[in-house]
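coords08.cif follows (mmCIF, C-alpha atoms):
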```cif
data_final
loop_
_atom_site.group_PDB
_atom_site.id
_atom_site.type_symbol
_atom_site.label_atom_id
_atom_site.label_comp_id
_atom_site.auth_asym_id
_atom_site.auth_seq_id
_atom_site.Cartn_x
_atom_site.Cartn_y
_atom_site.Cartn_z
ATOM 1 C CA MET V 30 59.564 116.212 -88.783
ATOM 2 C CA LEU V 31 60.262 112.495 -89.105
ATOM 3 C CA PHE V 32 62.291 113.102 -92.278
ATOM 4 C CA LYS V 33 64.645 115.500 -90.440
ATOM 5 C CA PHE V 34 65.588 112.592 -88.192
ATOM 6 C CA LEU V 35 65.333 109.617 -90.558
ATOM 7 C CA PHE V 36 67.481 110.891 -93.450
ATOM 8 C CA PRO V 37 70.488 111.989 -91.330
ATOM 9 C CA VAL V 38 70.397 108.538 -89.702
ATOM 10 C CA LEU V 39 70.452 106.990 -93.197
ATOM 11 C CA PHE V 40 73.430 109.201 -94.100
ATOM 12 C CA ILE V 41 75.387 108.293 -90.944
ATOM 13 C CA ALA V 42 74.604 104.567 -91.273
ATOM 14 C CA GLY V 43 75.588 104.582 -94.950
ATOM 15 C CA LEU V 44 78.852 106.376 -94.167
ATOM 16 C CA TYR V 45 79.630 103.943 -91.346
ATOM 17 C CA PHE V 46 79.045 100.877 -93.529
ATOM 18 C CA LEU V 47 80.985 102.457 -96.411
ATOM 19 C CA ILE V 48 84.048 102.873 -94.207
ATOM 20 C CA LYS V 49 83.662 99.334 -92.808
ATOM 21 C CA SER V 50 83.301 97.824 -96.308
ATOM 22 C CA ILE V 51 86.371 99.611 -97.624
ATOM 23 C CA GLY V 52 88.318 98.428 -94.586
ATOM 24 C CA ARG V 53 87.253 94.841 -95.168
ATOM 25 C CA ILE V 54 88.156 94.819 -98.848
ATOM 26 C CA LEU V 55 91.566 96.238 -97.953
ATOM 27 C CA ALA V 56 91.994 93.473 -95.368
ATOM 28 C CA VAL V 57 91.187 90.823 -97.983
ATOM 29 C CA TYR V 58 93.867 92.053 -100.379
ATOM 30 C CA SER V 59 96.531 93.226 -97.933
ATOM 31 C CA GLY V 60 97.542 89.802 -96.647
ATOM 32 C CA LYS V 61 100.983 88.281 -97.085
ATOM 33 C CA LYS V 62 101.988 87.864 -100.728
ATOM 34 C CA ILE V 63 104.784 85.786 -102.176
ATOM 35 C CA GLU V 64 105.615 87.188 -105.606
ATOM 36 C CA PHE V 65 108.072 85.722 -108.101
ATOM 37 C CA SER V 66 108.849 85.777 -111.812
ATOM 38 C CA ALA V 67 106.749 83.642 -114.138
ATOM 39 C CA SER V 68 109.944 82.452 -115.823
ATOM 40 C CA ASP V 69 111.072 80.605 -112.666
ATOM 41 C CA THR V 70 110.664 76.827 -112.817
ATOM 42 C CA SER V 71 110.505 76.339 -109.042
ATOM 43 C CA ILE V 72 110.289 78.416 -105.893
ATOM 44 C CA VAL V 73 110.586 77.634 -102.199
ATOM 45 C CA CYS V 74 108.072 79.581 -100.127
ATOM 46 C CA GLN V 75 107.382 79.823 -96.423
ATOM 47 C CA LEU V 76 103.639 79.618 -95.636
ATOM 48 C CA ASP V 77 102.903 80.839 -92.123
ATOM 49 C CA LYS V 78 99.504 79.324 -91.446
ATOM 50 C CA PRO V 79 97.445 76.375 -92.650
ATOM 51 C CA GLY V 80 94.483 76.990 -94.926
ATOM 52 C CA ALA V 81 93.490 77.633 -98.526
ATOM 53 C CA TYR V 82 95.817 79.534 -100.860
ATOM 54 C CA GLU V 83 95.673 80.644 -104.471
ATOM 55 C CA VAL V 84 98.256 81.124 -107.175
ATOM 56 C CA ALA V 85 97.489 84.226 -109.224
ATOM 57 C CA TYR V 86 98.969 85.339 -112.540
ATOM 58 C CA LYS V 87 100.050 88.992 -112.677
ATOM 59 C CA ARG V 88 100.455 90.672 -116.062
ATOM 60 C CA PRO V 89 101.350 94.314 -116.679
ATOM 61 C CA GLY V 90 98.963 96.172 -118.938
ATOM 62 C CA LEU V 91 95.272 96.242 -119.644
ATOM 63 C CA PHE V 92 95.046 93.932 -122.637
ATOM 64 C CA GLY V 93 96.139 90.425 -123.542
ATOM 65 C CA VAL V 94 95.066 86.944 -122.596
ATOM 66 C CA ILE V 95 96.147 85.611 -119.219
ATOM 67 C CA PRO V 96 97.589 82.055 -119.506
ATOM 68 C CA THR V 97 95.401 79.721 -117.469
ATOM 69 C CA ASP V 98 96.568 76.250 -118.521
ATOM 70 C CA ILE V 99 99.610 76.131 -116.244
ATOM 71 C CA ALA V 100 100.552 72.891 -114.494
ATOM 72 C CA PHE V 101 101.762 73.260 -110.910
ATOM 73 C CA LYS V 102 103.211 70.689 -108.494
ATOM 74 C CA MET V 103 103.929 71.350 -104.850
ATOM 75 C CA HIS V 104 105.854 69.410 -102.211
ATOM 76 C CA SER V 105 106.397 70.124 -98.547
ATOM 77 C CA GLN V 106 110.045 70.921 -98.049
ATOM 78 C CA PRO V 107 111.243 68.761 -95.162
ATOM 79 C CA ASP V 108 109.437 65.504 -95.939
ATOM 80 C CA GLY V 109 108.531 65.805 -99.645
ATOM 81 C CA ASN V 110 104.804 65.094 -99.282
ATOM 82 C CA GLU V 111 102.873 66.231 -102.348
ATOM 83 C CA VAL V 112 100.281 68.989 -102.021
ATOM 84 C CA ILE V 113 97.545 68.937 -104.642
ATOM 85 C CA VAL V 114 97.452 72.162 -106.665
ATOM 86 C CA SER V 115 94.312 72.260 -108.765
ATOM 87 C CA PRO V 116 93.750 74.652 -111.643
ATOM 88 C CA ALA V 117 90.894 76.995 -110.787
ATOM 89 C CA LEU V 118 90.287 80.096 -112.857
ATOM 90 C CA ASN V 119 88.530 82.586 -110.571
ATOM 91 C CA VAL V 120 87.266 85.433 -112.732
ATOM 92 C CA LEU V 121 85.383 86.935 -109.775
ATOM 93 C CA GLY V 122 88.692 87.150 -107.909
ATOM 94 C CA SER V 123 90.458 89.060 -110.683
ATOM 95 C CA ARG V 124 91.689 92.487 -109.760
ATOM 96 C CA LYS V 125 94.084 95.294 -110.647
ATOM 97 C CA ASP V 126 96.800 96.729 -108.479
ATOM 98 C CA MET V 127 97.785 100.383 -108.188
ATOM 99 C CA SER V 128 100.257 100.026 -111.082
ATOM 100 C CA GLY V 129 97.549 98.834 -113.494
ATOM 101 C CA ASN V 130 98.676 95.186 -113.463
ATOM 102 C CA ARG V 131 95.953 92.583 -113.914
ATOM 103 C CA ILE V 132 95.933 89.801 -111.327
ATOM 104 C CA VAL V 133 93.892 86.672 -112.037
ATOM 105 C CA PRO V 134 93.836 83.591 -109.744
ATOM 106 C CA VAL V 135 94.639 80.494 -111.840
ATOM 107 C CA ALA V 136 95.193 77.713 -109.266
ATOM 108 C CA GLU V 137 94.463 76.864 -105.656
ATOM 109 C CA PHE V 138 95.745 74.550 -102.945
ATOM 110 C CA SER V 139 95.292 73.834 -99.256
ATOM 111 C CA ILE V 140 97.895 73.016 -96.644
ATOM 112 C CA GLU V 141 97.386 71.349 -93.300
ATOM 113 C CA VAL V 142 100.627 72.451 -91.628
ATOM 114 C CA ALA V 143 102.523 75.730 -91.808
ATOM 115 C CA GLY V 144 106.034 75.363 -93.148
ATOM 116 C CA SER V 145 108.268 75.501 -96.170
ATOM 117 C CA TYR V 146 106.919 74.328 -99.533
ATOM 118 C CA GLU V 147 108.441 74.036 -102.997
ATOM 119 C CA LEU V 148 106.267 74.943 -105.975
ATOM 120 C CA PHE V 149 107.216 73.583 -109.408
ATOM 121 C CA ILE V 150 105.894 75.444 -112.458
ATOM 122 C CA SER V 151 105.639 73.938 -115.928
ATOM 123 C CA ASN V 152 106.517 75.932 -119.014
ATOM 124 C CA ILE V 153 103.977 78.735 -119.354
ATOM 125 C CA PRO V 154 102.676 79.207 -122.901
ATOM 126 C CA ALA V 155 102.235 82.820 -124.037
ATOM 127 C CA ARG V 156 104.399 84.129 -121.188
ATOM 128 C CA LYS V 157 105.494 87.732 -121.641
ATOM 129 C CA GLU V 158 108.354 89.686 -120.155
ATOM 130 C CA GLY V 159 107.363 91.132 -116.791
ATOM 131 C CA ASP V 160 104.759 88.468 -115.970
ATOM 132 C CA ARG V 161 104.763 87.323 -112.367
ATOM 133 C CA LEU V 162 103.046 84.747 -110.162
ATOM 134 C CA ILE V 163 101.690 85.514 -106.696
ATOM 135 C CA ILE V 164 100.809 83.143 -103.855
ATOM 136 C CA THR V 165 98.239 84.603 -101.449
ATOM 137 C CA GLU V 166 95.514 83.420 -99.139
ATOM 138 C CA LYS V 167 92.418 82.461 -101.086
ATOM 139 C CA THR V 168 90.041 85.371 -101.622
ATOM 140 C CA ASP V 169 87.082 83.367 -102.982
ATOM 141 C CA THR V 170 84.250 85.778 -103.684
ATOM 142 C CA LYS V 171 84.795 87.858 -100.526
ATOM 143 C CA ALA V 172 86.069 90.861 -102.462
ATOM 144 C CA PHE V 173 83.328 90.570 -105.082
ATOM 145 C CA LEU V 174 80.665 90.686 -102.356
ATOM 146 C CA MET V 175 82.471 93.565 -100.636
ATOM 147 C CA LEU V 176 82.191 95.585 -103.861
ATOM 148 C CA PHE V 177 78.408 95.255 -103.672
ATOM 149 C CA ALA V 178 78.488 96.277 -100.010
ATOM 150 C CA ILE V 179 80.534 99.354 -100.943
ATOM 151 C CA LEU V 180 78.102 100.198 -103.736
ATOM 152 C CA LEU V 181 75.004 99.865 -101.539
ATOM 153 C CA SER V 182 76.496 101.827 -98.648
ATOM 154 C CA ALA V 183 77.675 104.576 -101.039
ATOM 155 C CA ILE V 184 74.146 104.866 -102.446
ATOM 156 C CA ALA V 185 72.728 105.048 -98.899
ATOM 157 C CA THR V 186 75.282 107.711 -97.949
ATOM 158 C CA ILE V 187 74.560 109.915 -100.952
ATOM 159 C CA ALA V 188 70.791 109.445 -100.697
ATOM 160 C CA GLY V 189 70.840 110.205 -96.962
ATOM 161 C CA LEU V 190 72.879 113.364 -97.501
ATOM 162 C CA VAL V 191 70.746 114.708 -100.353
ATOM 163 C CA LEU V 192 67.452 113.880 -98.647
ATOM 164 C CA SER V 193 68.707 115.373 -95.358
ATOM 165 C CA ILE V 194 69.510 118.642 -97.087
ATOM 166 C CA LEU V 195 66.123 118.688 -98.794
ATOM 167 C CA ALA V 196 64.343 117.894 -95.525
ATOM 168 C CA PHE V 197 66.110 120.718 -93.659
ATOM 169 C CA LEU V 198 65.262 123.147 -96.462
ATOM 170 C CA ASN V 199 61.611 122.011 -96.222
ATOM 171 C CA LYS V 200 61.599 120.923 -99.893
ATOM 172 C CA LEU V 201 60.083 117.500 -99.121
#
```
Written as structure tokens, how would this file's structure read?
Amino acid sequence: MLFKFLFPVLFIAGLYFLIKSIGRILAVYSGKKIEFSASDTSIVCQLDKPGAYEVAYKRPGLFGVIPTDIAFKMHSQPDGNEVIVSPALNVLGSRKDMSGNRIVPVAEFSIEVAGSYELFISNIPARKEGDRLIITEKTDTKAFLMLFAILLSAIATIAGLVLSILAFLNKL
């Protein structure tokens, strides 16, 4: 009798957390993105809020090495103060978009004040046609941890459903 109550609760809780986890991972990746060609030598971008940002390299296709030894310099637009852009390869933050492009964070920076900033890009070795750079809010390992939350809640959902069916059929 306890199983007829416990397993449906496991199913409903797993389904709830599955939906919440998917919503959170979508929120991490659906923020404002500034995308530009990797062949550009400089770009002026408007950053709306202070905080940590990352520069990610976007390459079409599944194979090939992503260039990671790119030198960036950044200055605030009105006063010319330099913002430190440090190279930081974040393999845990790598992802694919719906078109099959690989996106790998290669640098990061923090700003204190929202405003206009100019990013200077050095010559990128091994750049291919169609490569792009993206400036987004820093994802850290949030998305990587959300994948584990999705996995655990999916297992709980499936286990709760199967065990609920077995409990109602008196097979347990």
Expansion of the PyMOL selection byres ((chain V and resi 40) around 6) into residues, as a compact mmCIF listing (two decimals) with C-alpha atoms, keeping the file's coordinate frame:
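Below is the file that was written, out-v1.txt:
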```txt
# COMPACT_ATOMS: atom_id res chain seq x y z
CA PRO V 37 70.49 111.99 -91.33
CA VAL V 38 70.40 108.54 -89.70
CA LEU V 39 70.45 106.99 -93.20
CA ILE V 41 75.39 108.29 -90.94
CA ALA V 42 74.60 104.57 -91.27
CA GLY V 43 75.59 104.58 -94.95
CA THR V 186 75.28 107.71 -97.95
CA GLY V 189 70.84 110.20 -96.96
CA LEU V 190 72.88 113.36 -97.50
```
Any idea what's packed within 8 Å of Ala172 (chain V), counting only C-alpha atoms, ignoring anything in its chain fewer than 5 positions away? Could you give it as a compact mmCIF listing (two decimals) with C-alpha atoms, in the frame of the given file?
```
# COMPACT_ATOMS: atom_id res chain seq x y z
CA ILE V 54 88.16 94.82 -98.85
CA VAL V 57 91.19 90.82 -97.98
CA GLY V 122 88.69 87.15 -107.91
```
- Can you list, as a list in words, every protein, DNA or RNA residue that comes within 9 Å of Val142 (chain V) when you count all atoms listed in the file, leaving out same-chain residues fewer than 5 positions away? Leu76, Asp77, Lys78, Pro79 and Gly80 of chain V
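Distances here use only C-alpha atoms; by that measure, the residue among V:Cys74, V:Asn199, V:Ser182, V:Gly93 closest to Lys49 (chain V) is V:Ser182.
The spacing separating CA of Ile153 (chain V) from CA of Phe92 (chain V) amounts to 17.9 Å.
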- Task: Could you tell me which of V:Ile72, V:Ala117, V:Ala136, V:Glu147 comes closest to His104 (chain V) if we count only C-alpha atoms?
- Result: V:Glu147
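Contact shell of Ser66 (chain V) at 9 Å (all atoms listed in the file; same-chain neighbours under 5 positions omitted): Gly159, Asp160, Arg161, Leu162 and Ile163 of chain V.
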- For the file shown, report as a list in words the outcome of the PyMOL selection byres ((chain V and resi 94) around 12) at residue level. Tyr86, Lys87, Arg88, Pro89, Gly90, Leu91, Phe92, Gly93, Ile95, Pro96, Thr97, Asp98, Arg131, Ile132, Val133, Pro154, Ala155, Arg156, Lys157 and Asp160 of chain V
- Item | Test item: the PyMOL selection byres ((chain V and resi 176-180) around 8) resolved as number ranges by chain | V: 46-47, 50-51, 54, 172-175, 181-184
- Item | Computed interatomic separation between CA of Gly129 (chain V) and CA of Gly52 (chain V) (Å) | 21.0 Å
- Using all atoms listed in the file, pick whichever of V:Phe138, V:Tyr45, V:Tyr82, V:Phe101 has the shortest atom-to-atom distance to Lys62 (chain V). V:Tyr82
- Note on the structure: Expressed in Å, the length from CA of Asn119 (chain V) to CA of Gln106 (chain V) is 27.5 Å
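Of the listed residues (V:Thr170, V:Gln75, V:Ser105, V:Ser139), V:Gln75 comes nearest to Ile63 (chain V); the distances count all atoms listed in the file.
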- Query: For the point (88.0, 77.8, -97.9) in file coordinates, what residues are within 8 Å, counting only C-alpha atoms? Give the answer as number ranges by chain?
  - Reply: V: 80-81, 167, 169
